[in-house]
Every structure is written in C-alpha cells, then in structure tokens.
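Trainee: Next comes final.txt, compact mmCIF, C-alpha atoms:
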# COMPACT_ATOMS: atom_id res chain seq x y z
CA MET A 1 -110.27 50.06 48.95
CA ALA A 2 -107.65 51.34 46.57
CA ALA A 3 -105.34 52.06 49.50
CA ILE A 4 -105.92 48.59 50.92
CA ALA A 5 -105.26 46.99 47.54
CA ALA A 6 -101.95 48.84 47.38
CA LEU A 7 -100.75 47.36 50.68
CA PRO A 8 -98.68 44.16 50.73
CA MET A 9 -100.38 40.82 50.99
CA PRO A 10 -99.62 40.15 54.67
CA LEU A 11 -100.95 43.55 55.71
CA ARG A 12 -104.06 43.07 53.58
CA ALA A 13 -104.66 39.76 55.28
CA SER A 14 -104.03 41.00 58.79
CA ARG A 15 -106.07 44.22 58.72
CA PRO A 16 -109.36 42.62 57.69
CA CYS A 17 -108.92 40.10 60.49
CA THR A 18 -108.66 42.81 63.18
CA ARG A 19 -111.63 44.72 61.81
CA LEU A 20 -113.74 41.54 61.65
CA GLN A 21 -112.86 40.76 65.26
CA CYS A 22 -113.97 44.25 66.29
CA LEU A 23 -117.25 43.90 64.47
CA ILE A 24 -117.92 40.49 65.98
CA ALA A 25 -117.21 41.73 69.43
CA SER A 26 -120.04 44.32 69.25
CA PRO A 27 -123.43 43.39 70.85
CA ARG A 28 -125.95 41.52 68.90
CA GLY A 29 -128.90 43.78 68.61
CA THR A 30 -127.06 46.71 67.21
CA THR A 31 -127.37 47.62 63.69
CA SER A 32 -124.34 48.03 61.46
CA PRO A 33 -123.83 49.42 58.04
CA PRO A 34 -123.92 47.04 55.09
CA ARG A 35 -120.60 45.21 54.44
CA ARG A 36 -118.94 44.86 51.10
CA GLY A 37 -116.47 42.39 49.60
CA TRP A 38 -114.24 40.74 52.17
CA GLN A 39 -116.00 42.61 55.02
CA ALA A 40 -119.07 40.41 54.38
CA LEU A 41 -117.04 37.20 54.96
CA PRO A 42 -117.51 35.30 58.20
CA LEU A 43 -114.66 35.04 60.69
CA ARG A 44 -113.75 31.44 59.87
CA GLU A 45 -113.58 32.17 56.13
CA THR A 46 -111.50 35.29 56.84
CA ARG A 47 -109.08 33.30 59.01
CA GLY A 48 -108.86 30.58 56.33
CA PHE A 49 -108.23 33.21 53.72
CA SER A 50 -105.31 34.65 55.65
CA VAL A 51 -103.87 31.18 56.31
CA VAL A 52 -104.17 30.21 52.63
CA THR A 53 -102.51 33.46 51.63
CA LEU A 54 -99.59 32.84 53.99
CA ALA A 55 -99.23 29.21 52.79
CA SER A 56 -99.19 30.25 49.16
CA ARG A 57 -96.62 32.90 49.95
CA SER A 58 -94.42 30.36 51.71
CA ARG A 59 -94.73 28.00 48.76
CA ILE A 60 -93.79 30.79 46.36
CA GLN A 61 -90.83 31.72 48.54
CA ALA A 62 -89.74 28.07 48.72
CA SER A 63 -90.03 27.62 44.96
CA SER A 64 -88.14 30.89 44.35
CA LEU A 65 -85.51 29.76 46.84
CA ARG A 66 -85.19 26.45 45.04
CA LYS A 67 -84.88 28.25 41.71
CA ARG A 68 -82.29 30.60 43.14
CA THR A 69 -80.40 27.68 44.64
CA GLY A 70 -80.45 25.81 41.32
CA ILE A 71 -79.31 28.91 39.45
CA ALA A 72 -76.56 29.44 42.02
CA CYS A 73 -75.40 25.83 41.61
CA ILE A 74 -75.36 26.18 37.83
CA ILE A 75 -73.41 29.46 38.05
CA GLU A 76 -71.00 27.93 40.53
CA SER A 77 -70.39 24.90 38.29
CA ARG A 78 -69.87 27.20 35.31
CA LEU A 79 -67.41 29.30 37.24
CA THR A 80 -65.57 26.16 38.36
CA GLN A 81 -65.25 24.98 34.75
CA VAL A 82 -64.07 28.40 33.62
CA GLY A 83 -61.48 28.46 36.41
CA GLN A 84 -60.21 25.00 35.48
CA GLN A 85 -59.94 26.03 31.83
CA LYS A 86 -58.00 29.15 32.81
CA ARG A 87 -55.62 27.12 34.98
CA TYR A 88 -55.13 24.58 32.17
CA SER A 89 -54.52 27.35 29.63
CA ALA A 90 -52.09 29.00 32.04
CA GLN A 91 -50.16 25.75 32.53
CA LYS A 92 -50.09 24.81 28.84
CA PRO A 93 -48.02 27.80 27.64
CA THR A 94 -45.66 27.19 30.55
CA GLU A 95 -45.14 23.60 29.43
CA GLN A 96 -44.73 24.76 25.84
CA GLY A 97 -42.26 27.39 27.01
CA GLN A 98 -40.32 24.80 28.96
CA SER A 99 -40.25 22.44 25.96
CA SER A 100 -39.18 25.29 23.69
CA GLN A 101 -36.47 26.25 26.16
CA THR A 102 -35.32 22.63 26.22
CA ASP A 103 -35.28 22.55 22.43
CA THR A 104 -33.33 25.77 22.30
CA LYS A 105 -30.87 24.43 24.82
CA LYS A 106 -30.20 21.23 22.87
CA PRO A 107 -28.26 22.83 20.00
CA SER A 108 -26.12 24.77 22.47
CA ILE A 109 -25.27 21.52 24.31
CA LEU A 110 -24.58 19.66 21.07
CA SER A 111 -22.48 22.50 19.78
CA LYS A 112 -20.16 22.12 22.77
CA LEU A 113 -19.46 18.47 21.94
CA PRO A 114 -16.09 17.91 20.25
CA ARG A 115 -16.41 17.33 16.55
CA ARG A 116 -14.55 14.57 14.80
CA THR A 117 -11.17 15.62 13.40
CA HIS A 118 -9.97 12.17 12.24
CA GLU A 119 -11.07 10.22 9.21
CA ASN A 120 -11.29 6.49 8.69
CA ILE A 121 -8.00 5.33 7.17
CA TYR A 122 -8.64 1.59 7.39
CA THR A 123 -10.15 1.19 3.93
CA VAL A 124 -9.46 -1.39 1.23
CA PRO A 125 -7.62 1.05 -1.10
CA ASN A 126 -5.37 2.21 1.73
CA ILE A 127 -4.61 -1.39 2.73
CA LEU A 128 -3.64 -2.24 -0.84
CA THR A 129 -1.44 0.83 -0.98
CA PHE A 130 0.21 -0.19 2.28
CA THR A 131 1.04 -3.61 0.82
CA ARG A 132 2.76 -1.81 -2.06
CA LEU A 133 4.85 0.06 0.48
CA LEU A 134 5.93 -3.29 1.97
CA ALA A 135 6.64 -4.76 -1.48
CA ALA A 136 9.04 -1.97 -2.50
CA PRO A 137 12.01 -2.99 -0.28
CA LEU A 138 11.50 -6.63 -1.25
CA VAL A 139 11.82 -5.68 -4.92
CA GLY A 140 15.12 -3.94 -4.15
CA TYR A 141 16.38 -6.95 -2.25
CA PHE A 142 15.61 -9.34 -5.10
CA LEU A 143 17.25 -7.01 -7.65
CA VAL A 144 20.46 -6.71 -5.68
CA HIS A 145 20.69 -10.51 -5.36
CA ASP A 146 19.83 -11.07 -9.06
CA HIS A 147 16.44 -12.68 -8.42
CA HIS A 148 14.84 -10.94 -11.37
CA VAL A 149 11.86 -13.30 -11.63
CA ALA A 150 10.74 -12.70 -8.02
CA ALA A 151 11.39 -8.96 -8.38
CA LEU A 152 9.34 -8.90 -11.59
CA GLY A 153 6.44 -10.71 -9.85
CA LEU A 154 6.32 -8.22 -6.96
CA PHE A 155 6.64 -5.33 -9.38
CA ALA A 156 3.69 -6.63 -11.39
CA TYR A 157 1.69 -6.99 -8.16
CA ALA A 158 2.47 -3.36 -7.27
CA GLY A 159 1.34 -2.13 -10.69
CA ILE A 160 -1.94 -4.10 -10.57
CA THR A 161 -2.82 -2.96 -7.05
CA ASP A 162 -2.03 0.63 -8.06
CA LEU A 163 -4.81 0.43 -10.65
CA VAL A 164 -7.26 -1.54 -8.49
CA ASP A 165 -7.12 0.61 -5.36
CA GLY A 166 -7.79 3.78 -7.35
CA TRP A 167 -10.83 2.18 -9.00
CA ILE A 168 -12.22 0.93 -5.67
CA ALA A 169 -11.75 4.35 -4.04
CA ARG A 170 -13.64 6.11 -6.83
CA ARG A 171 -16.31 3.44 -7.21
CA TYR A 172 -17.26 3.12 -3.53
CA ASN A 173 -16.46 6.68 -2.41
CA LEU A 174 -13.52 5.64 -0.22
CA GLN A 175 -11.23 8.49 -1.13
CA THR A 176 -9.29 9.82 1.85
CA VAL A 177 -6.67 12.47 2.40
CA VAL A 178 -4.20 9.90 3.67
CA GLY A 179 -4.80 7.94 0.47
CA THR A 180 -3.79 10.92 -1.62
CA ILE A 181 -0.51 10.98 0.34
CA ILE A 182 0.50 7.34 0.69
CA ASP A 183 -0.55 6.34 -2.85
CA PRO A 184 2.05 8.51 -4.59
CA MET A 185 4.42 7.76 -1.71
CA ALA A 186 4.20 4.02 -2.45
CA ASP A 187 4.81 4.66 -6.14
CA LYS A 188 7.78 6.91 -5.39
CA LEU A 189 9.25 4.47 -2.89
CA LEU A 190 8.99 1.64 -5.39
CA MET A 191 10.49 3.85 -8.08
CA THR A 192 13.28 5.07 -5.83
CA ILE A 193 14.33 1.61 -4.65
CA GLY A 194 13.96 0.14 -8.13
CA VAL A 195 15.93 2.92 -9.85
CA ALA A 196 18.70 2.81 -7.24
CA CYS A 197 19.06 -0.95 -7.42
CA LEU A 198 18.95 -0.94 -11.25
CA ALA A 199 21.63 1.76 -11.33
CA VAL A 200 23.78 -0.36 -9.03
CA ASN A 201 23.34 -3.38 -11.36
CA GLY A 202 24.09 -1.28 -14.45
CA SER A 203 20.66 -1.84 -15.98
CA ILE A 204 20.09 1.94 -16.32
CA PRO A 205 22.63 4.81 -16.53
CA VAL A 206 23.56 6.69 -13.37
CA TRP A 207 22.65 10.15 -14.76
CA LEU A 208 19.08 9.00 -15.34
CA ALA A 209 18.90 7.66 -11.77
CA VAL A 210 20.14 11.04 -10.47
CA ILE A 211 17.40 12.93 -12.37
CA ILE A 212 14.65 10.61 -11.18
CA LEU A 213 15.82 10.46 -7.56
CA GLY A 214 16.54 14.21 -7.44
CA ARG A 215 12.97 15.01 -8.48
CA ASP A 216 11.56 12.61 -5.90
CA VAL A 217 13.71 14.06 -3.12
CA GLY A 218 12.55 17.57 -4.00
CA LEU A 219 8.90 16.50 -3.92
CA ALA A 220 9.42 14.74 -0.58
CA ILE A 221 10.94 17.87 0.99
CA SER A 222 8.05 19.96 -0.34
CA ALA A 223 5.53 17.49 1.10
CA ILE A 224 7.19 17.65 4.53
CA TYR A 225 7.11 21.45 4.43
CA TYR A 226 3.46 21.74 3.40
CA ARG A 227 2.43 19.12 5.93
CA TRP A 228 4.05 21.10 8.73
CA ILE A 229 2.63 24.52 7.81
CA SER A 230 -0.87 23.13 7.21
CA LEU A 231 -1.03 21.12 10.46
CA PRO A 232 -3.48 22.75 12.92
CA PRO A 233 -2.08 23.58 16.37
CA PRO A 234 -0.67 22.11 18.49
CA LYS A 235 2.15 21.17 16.11
CA THR A 236 3.68 18.01 17.54
CA MET A 237 5.54 15.12 15.95
CA ALA A 238 2.79 12.71 17.04
CA ARG A 239 0.18 14.79 15.24
CA TYR A 240 2.50 15.28 12.29
CA TRP A 241 2.80 11.55 11.63
CA ASP A 242 -0.88 10.93 12.36
CA PHE A 243 -2.11 10.57 8.78
CA SER A 244 -5.74 10.26 9.92
CA LEU A 245 -5.56 13.99 10.70
CA PRO A 246 -5.95 15.63 7.26
CA SER A 247 -4.37 19.03 6.69
CA ALA A 248 -3.22 19.27 3.05
CA GLU A 249 -4.00 17.59 -0.23
CA VAL A 250 -1.63 16.88 -3.11
CA LYS A 251 -3.11 16.79 -6.60
CA PRO A 252 -0.76 15.29 -9.17
CA THR A 253 -0.54 17.22 -12.42
CA THR A 254 -1.27 15.64 -15.77
CA VAL A 255 2.39 15.62 -16.77
CA SER A 256 3.29 14.00 -13.46
CA LYS A 257 0.80 11.19 -14.03
CA ILE A 258 2.24 10.53 -17.48
CA ASN A 259 5.78 10.63 -16.12
CA THR A 260 4.89 8.18 -13.33
CA ALA A 261 3.48 5.73 -15.86
CA LEU A 262 6.60 6.05 -18.03
CA GLN A 263 8.91 5.56 -15.06
CA LEU A 264 7.05 2.42 -13.99
CA LEU A 265 7.26 1.11 -17.55
CA LEU A 266 11.00 1.87 -17.60
CA VAL A 267 11.68 0.10 -14.31
CA GLY A 268 9.50 -2.87 -15.33
CA SER A 269 11.26 -3.16 -18.67
CA ALA A 270 14.66 -2.96 -17.01
CA ILE A 271 13.66 -5.71 -14.54
CA ALA A 272 12.13 -7.93 -17.26
CA LEU A 273 14.94 -7.47 -19.79
CA PRO A 274 17.37 -9.91 -18.12
CA VAL A 275 14.57 -12.48 -17.89
CA LEU A 276 13.90 -12.49 -21.66
CA PRO A 277 15.95 -14.74 -23.93
CA GLU A 278 18.81 -13.17 -25.91
CA THR A 279 17.19 -14.11 -29.21
CA VAL A 280 14.07 -12.12 -28.40
CA ILE A 281 16.14 -9.09 -27.34
CA GLU A 282 18.20 -9.12 -30.54
CA ALA A 283 15.21 -9.81 -32.78
CA TRP A 284 13.16 -6.87 -31.49
CA ASN A 285 16.16 -4.54 -30.92
CA LEU A 286 15.05 -4.06 -27.37
CA GLN A 287 18.42 -2.74 -26.19
CA GLU A 288 18.37 0.29 -28.58
CA SER A 289 14.69 0.91 -27.82
CA MET A 290 15.52 0.88 -24.12
CA THR A 291 18.13 3.63 -24.59
CA ALA A 292 15.68 5.89 -26.45
CA PHE A 293 13.06 5.27 -23.84
CA GLN A 294 15.48 6.37 -21.10
CA TYR A 295 15.89 9.82 -22.72
CA LEU A 296 12.11 10.18 -22.96
CA VAL A 297 11.71 9.40 -19.26
CA ALA A 298 14.42 11.92 -18.35
CA ALA A 299 12.60 14.68 -20.30
CA THR A 300 9.21 13.96 -18.74
CA THR A 301 10.79 13.78 -15.27
CA LEU A 302 12.19 17.30 -15.56
CA TRP A 303 8.92 18.61 -16.97
CA SER A 304 6.81 17.09 -14.19
CA GLY A 305 9.12 18.57 -11.51
CA LEU A 306 8.70 22.05 -12.97
CA SER A 307 4.91 21.59 -13.20
CA TYR A 308 4.72 21.19 -9.39
CA VAL A 309 6.70 24.40 -8.94
CA PHE A 310 4.58 26.59 -11.22
CA SER A 311 1.16 24.96 -10.70
CA LYS A 312 -1.21 26.62 -8.19
CA ASP A 313 -3.50 23.60 -7.78
CA ALA A 314 -0.84 20.98 -7.09
CA VAL A 315 -0.91 21.46 -3.30
CA LYS A 316 -4.02 22.61 -1.42
CA ILE A 317 -4.15 23.40 2.29
CA LEU A 318 -7.49 22.25 3.69
CA THR A 319 -9.67 24.50 5.81
CA LYS A 320 -11.64 23.33 8.86
CA GLU A 321 -14.86 23.12 6.86
CA GLU A 322 -13.21 21.03 4.14
CA VAL A 323 -11.70 18.71 6.75
CA GLN A 324 -15.14 18.16 8.33
CA LYS A 325 -16.69 17.50 4.92
CA ARG A 326 -14.05 14.91 4.08
CA ILE A 327 -14.47 13.20 7.45
CA ALA A 328 -18.28 13.17 7.05
CA ARG A 329 -17.94 11.77 3.52
CA ALA A 330 -15.58 9.07 4.72
CA ALA A 331 -17.96 8.18 7.57
CA ALA A 332 -20.90 8.02 5.13
CA GLY A 333 -18.92 5.75 2.83
CA LYS A 334 -18.08 3.48 5.76
CA LYS A 335 -21.77 2.88 6.58
CA PRO A 336 -23.39 -0.11 4.83
Take the structure I supplied and represent it as structure tokens, if you would.

Mentor:
Amino acid sequence: MAAIAALPMPLRASRPCTRLQCLIASPRGTTSPPRRGWQALPLRETRGFSVVTLASRSRIQASSLRKRTGIACIIESRLTQVGQQKRYSAQKPTEQGQSSQTDTKKPSILSKLPRRTHENIYTVPNILTFTRLLAAPLVGYFLVHDHHVAALGLFAYAGITDLVDGWIARRYNLQTVVGTIIDPMADKLLMTIGVACLAVNGSIPVWLAVIILGRDVGLAISAIYYRWISLPPPKTMARYWDFSLPSAEVKPTTVSKINTALQLLLVGSAIALPVLPETVIEAWNLQESMTAFQYLVAATTLWSGLSYVFSKDAVKILTKEEVQKRIARAAAGKKP
C-alpha cells in the first residue's frame, strides 16, 4: 500500500482498475481473500473514481495554465513598460545633448558676426556744434563788411550753443568721440576766423593774432597726426574723414579751457566795441581795459599750448575695447 501511495495519481487510478477487472473475470463460486480499501469498491465506483480523478487533474492543469498565462501576460506587460522607459531614457539624453550642442554652437556663430565699429553721430549736441561750424564763416563775412550787429548776433548764438550742447551731452549721456573733436574744432574755427578778420580791421593787434593762430595751427597739425596713427587698418582717406569711426580722444586741459573762454570774451568784446556808443566807451575806459585784456589772453594762449605738449592725458588713443564700450554707450543712449 505504501508503494501504491507513492505512485502518481494516474498510475494509482489505472492499476486498481486492471486488478478489479481481473477479479471480476474469475468464476462466481470461487472464494477470494478479503478485500481492503479501494479493492472492496465495485467496478462502477472504481471507474467513476478514476474518471473523477482525471477530471480534477485536468481542472487543476487548466487553472494552473490560466495562472501561468496570466503571470506571463503580467510579466510581458512589465517588460514592455521597462523597455519603453529605457528607450525614452535613451532618447532624452540624446535630445538634451543635441540641445546642449546647439546652445554651445550659438556663441560660436554669434562671435563670427561683425561687431559694430561706428557710433551714432546724429545727436542733438553734434547738430548744434555743426551749426556753429556753419556760423563761423558768416561771422567773418559780416566783420569784413562792417556788419558788426549781425556778426555780434551770430557770435552770441555760437557762445550759447557751446554751453547748451555740452549740458545736453552730459545730461542725456550723448557724449561721442566725434563730439570731442568737432566741438573744439568749431570753437577754434570761430576763433580763427574772428581773430583774422579783427586783425584785418585793426580791432586787435597783429602780434596777438599771430600768437592765437599759431597755437591753433599747431594743435590742428597734432590732431591730424594723432588721428592718422590711431586709425585702425586699413588706413584710407575715406576712413580718416569718417568721424563716426572713433580712434583717439582729445581731453582739453584746464588751462586750455580757461584760455578758450578768455579768447571768446576777447573776440566778443572786439566785435561789440564798435557797436557801443562813444560815450559809454570813454566813460568806462573800455579802450585801455581792452589793451590789458589782450596781454592776458596772449599769456594764457602760450601757457595752454605748452600744457598740450607736456601733458600725458591730453590725447588718448582708444583701444578696441574702449571703442566698443563707447559705441555701446552711444547705442544705449539712443534708445528711448
């Protein structure tokens, strides 16, 4: 019995069936030993037992198959999700790498673009200075033809605009390199034409005119020289006269500013003196005061000329970085 119990279920079900058939096939009158357990079962019950056993086994196998199939489906779905996550994670760094490569390429592309080398010269202070340049020859024309009232009016306009354009440039951050060049140029042109015409009329002595004009000529030659050596290549005449291309900066010394104010006062007084009545001139001794004032202007003119020669900060050659900063500042000041 122990050996039979150890056998698998199908064998246990099949062996009793064969032994029962053998026992049933024996003749009826014979005696047989007493039967135990499943041997005492009738043939129909034994056959039903084996059929029930096989049916239960098939149901167990079907349920196990269904469980295995469900587990396999779950595992397969899990594996599919894991594979999709791996593909997504593999594509994401690639996209990030491509975006990072694009970002790294942008500065290299932008760095190849040409940077601005010209500044905005069409500002209100520069326009006012340009009108002073146009007024200077008109002042000389009126002086030569003894139109002292018209010459005095234009000279007053030049002095007022000289103060206004400097205030506007400092107030609204419109300072430009070309402004630092044409502003003193307009003053010197007005002074040169006025001094020459007044010397021709006899309003001022010739020696004083020579001192004033000699200093201005020396400064003009120095400006031409420094403009040429500071101009970045290629050095052409078109680029030389392009004042929107900054290269050097002229900083007037303190003595030069004082001398310029005294020269303007001298020229204005010499233009206004013929307009005043003779009684006023004699009452205030303006003729003797004018002579003393001429010697003062001569002394300050010589001093200012020497200050440009010995000063290290009078002329400054701009570097590329300083040029870009000035252009950026001018562009920022242009924006509303």

Trainee: Which of these, A:Leu265, A:Ala248, A:Leu219, A:Val210, has the shortest distance to A:Leu318 once you count all atoms listed in the file?

Mentor: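 Closest residue, counting all atoms listed in the file: A:Ala248.
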
Trainee: Please indicate the distance in Å from atom CA of A:Cys197 to atom CA of A:Leu128, rounded to one decimal place.

Mentor: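 Computing the Euclidean distance for atom CA of A:Cys197 and atom CA of A:Leu128 yields 23.7 Å.
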
Trainee: List as a ChimeraX atom specification the protein and nucleic acid residues near A:Ala151, meaning an atom at most 9 Å away when all atoms listed in the file are counted, but skip any in the same chain fewer than 2 places from it.

Mentor: /A:138-143,146-149,153-156,271-272

Trainee: Return as JSON the centre and edge lengths, in Å with one decimal, of the box along x, y and z that encloses every atom of stretch 242-256 of chain A in the file, padded by 6 Å per side.

Mentor:
{"center_x": -1.3, "center_y": 14.8, "center_z": -2.2, "size_x": 21.2, "size_y": 21.0, "size_z": 41.1}

Trainee: Leaving out A:Trp303 and any residue of its chain fewer than 5 positions from it, which residues lie within 9 Å of it when counting only C-alpha atoms, given as a list in words?

Mentor: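 With the cut-off at 9 Å, the set is Val255, Ser256, Asn259 and Ala298 of chain A.
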
Trainee: What gap, in Å, lies between atom CA of A:Gln175 and atom CA of A:Thr300?

Mentor: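 Between atom CA of A:Gln175 and atom CA of A:Thr300 the gap is 27.5 Å.
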
Trainee: Between A:Leu174, A:Ala314, A:Leu163, A:Val144, which residue has the minimum interatomic distance to A:Pro252, considering only C-alpha atoms?

Mentor: A:Ala314

Trainee: Would you please work out which residue, of A:Thr319, A:Thr176, A:Gln324, A:Gln263, is nearest to A:Ser230 when using only C-alpha atoms?

Mentor: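 Closest residue, counting only C-alpha atoms: A:Thr319.
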
Trainee: Of the candidates A:Val250, A:Met290, A:Val164, A:Ala223, which shows the shortest atom-to-atom distance to A:Asp313, using all atoms listed in the file?

Mentor: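 Ranked by minimum distance to A:Asp313, first place goes to A:Val250.
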
Trainee: Need the shell around A:Val297: protein/DNA/RNA residues with any atom at most 12 Å away, counting all atoms listed in the file. Skip same-chain ones fewer than 2 positions apart. Format as a PyMOL selection string?

Mentor: chain A and resi 204+207-209+211-212+255-256+258-267+290-295+299-304

Trainee: For those residues, write C-alpha atoms to a file as a CSV table (one decimal), keeping the file's coordinate frame.

Mentor:
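Final file, again.csv:
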chain,number,residue,atom,x,y,z
A,204,ILE,CA,20.1,1.9,-16.3
A,207,TRP,CA,22.6,10.2,-14.8
A,208,LEU,CA,19.1,9.0,-15.3
A,209,ALA,CA,18.9,7.7,-11.8
A,211,ILE,CA,17.4,12.9,-12.4
A,212,ILE,CA,14.6,10.6,-11.2
A,255,VAL,CA,2.4,15.6,-16.8
A,256,SER,CA,3.3,14.0,-13.5
A,258,ILE,CA,2.2,10.5,-17.5
A,259,ASN,CA,5.8,10.6,-16.1
A,260,THR,CA,4.9,8.2,-13.3
A,261,ALA,CA,3.5,5.7,-15.9
A,262,LEU,CA,6.6,6.0,-18.0
A,263,GLN,CA,8.9,5.6,-15.1
A,264,LEU,CA,7.0,2.4,-14.0
A,265,LEU,CA,7.3,1.1,-17.6
A,266,LEU,CA,11.0,1.9,-17.6
A,267,VAL,CA,11.7,0.1,-14.3
A,290,MET,CA,15.5,0.9,-24.1
A,291,THR,CA,18.1,3.6,-24.6
A,292,ALA,CA,15.7,5.9,-26.4
A,293,PHE,CA,13.1,5.3,-23.8
A,294,GLN,CA,15.5,6.4,-21.1
A,295,TYR,CA,15.9,9.8,-22.7
A,299,ALA,CA,12.6,14.7,-20.3
A,300,THR,CA,9.2,14.0,-18.7
A,301,THR,CA,10.8,13.8,-15.3
A,302,LEU,CA,12.2,17.3,-15.6
A,303,TRP,CA,8.9,18.6,-17.0
A,304,SER,CA,6.8,17.1,-14.2
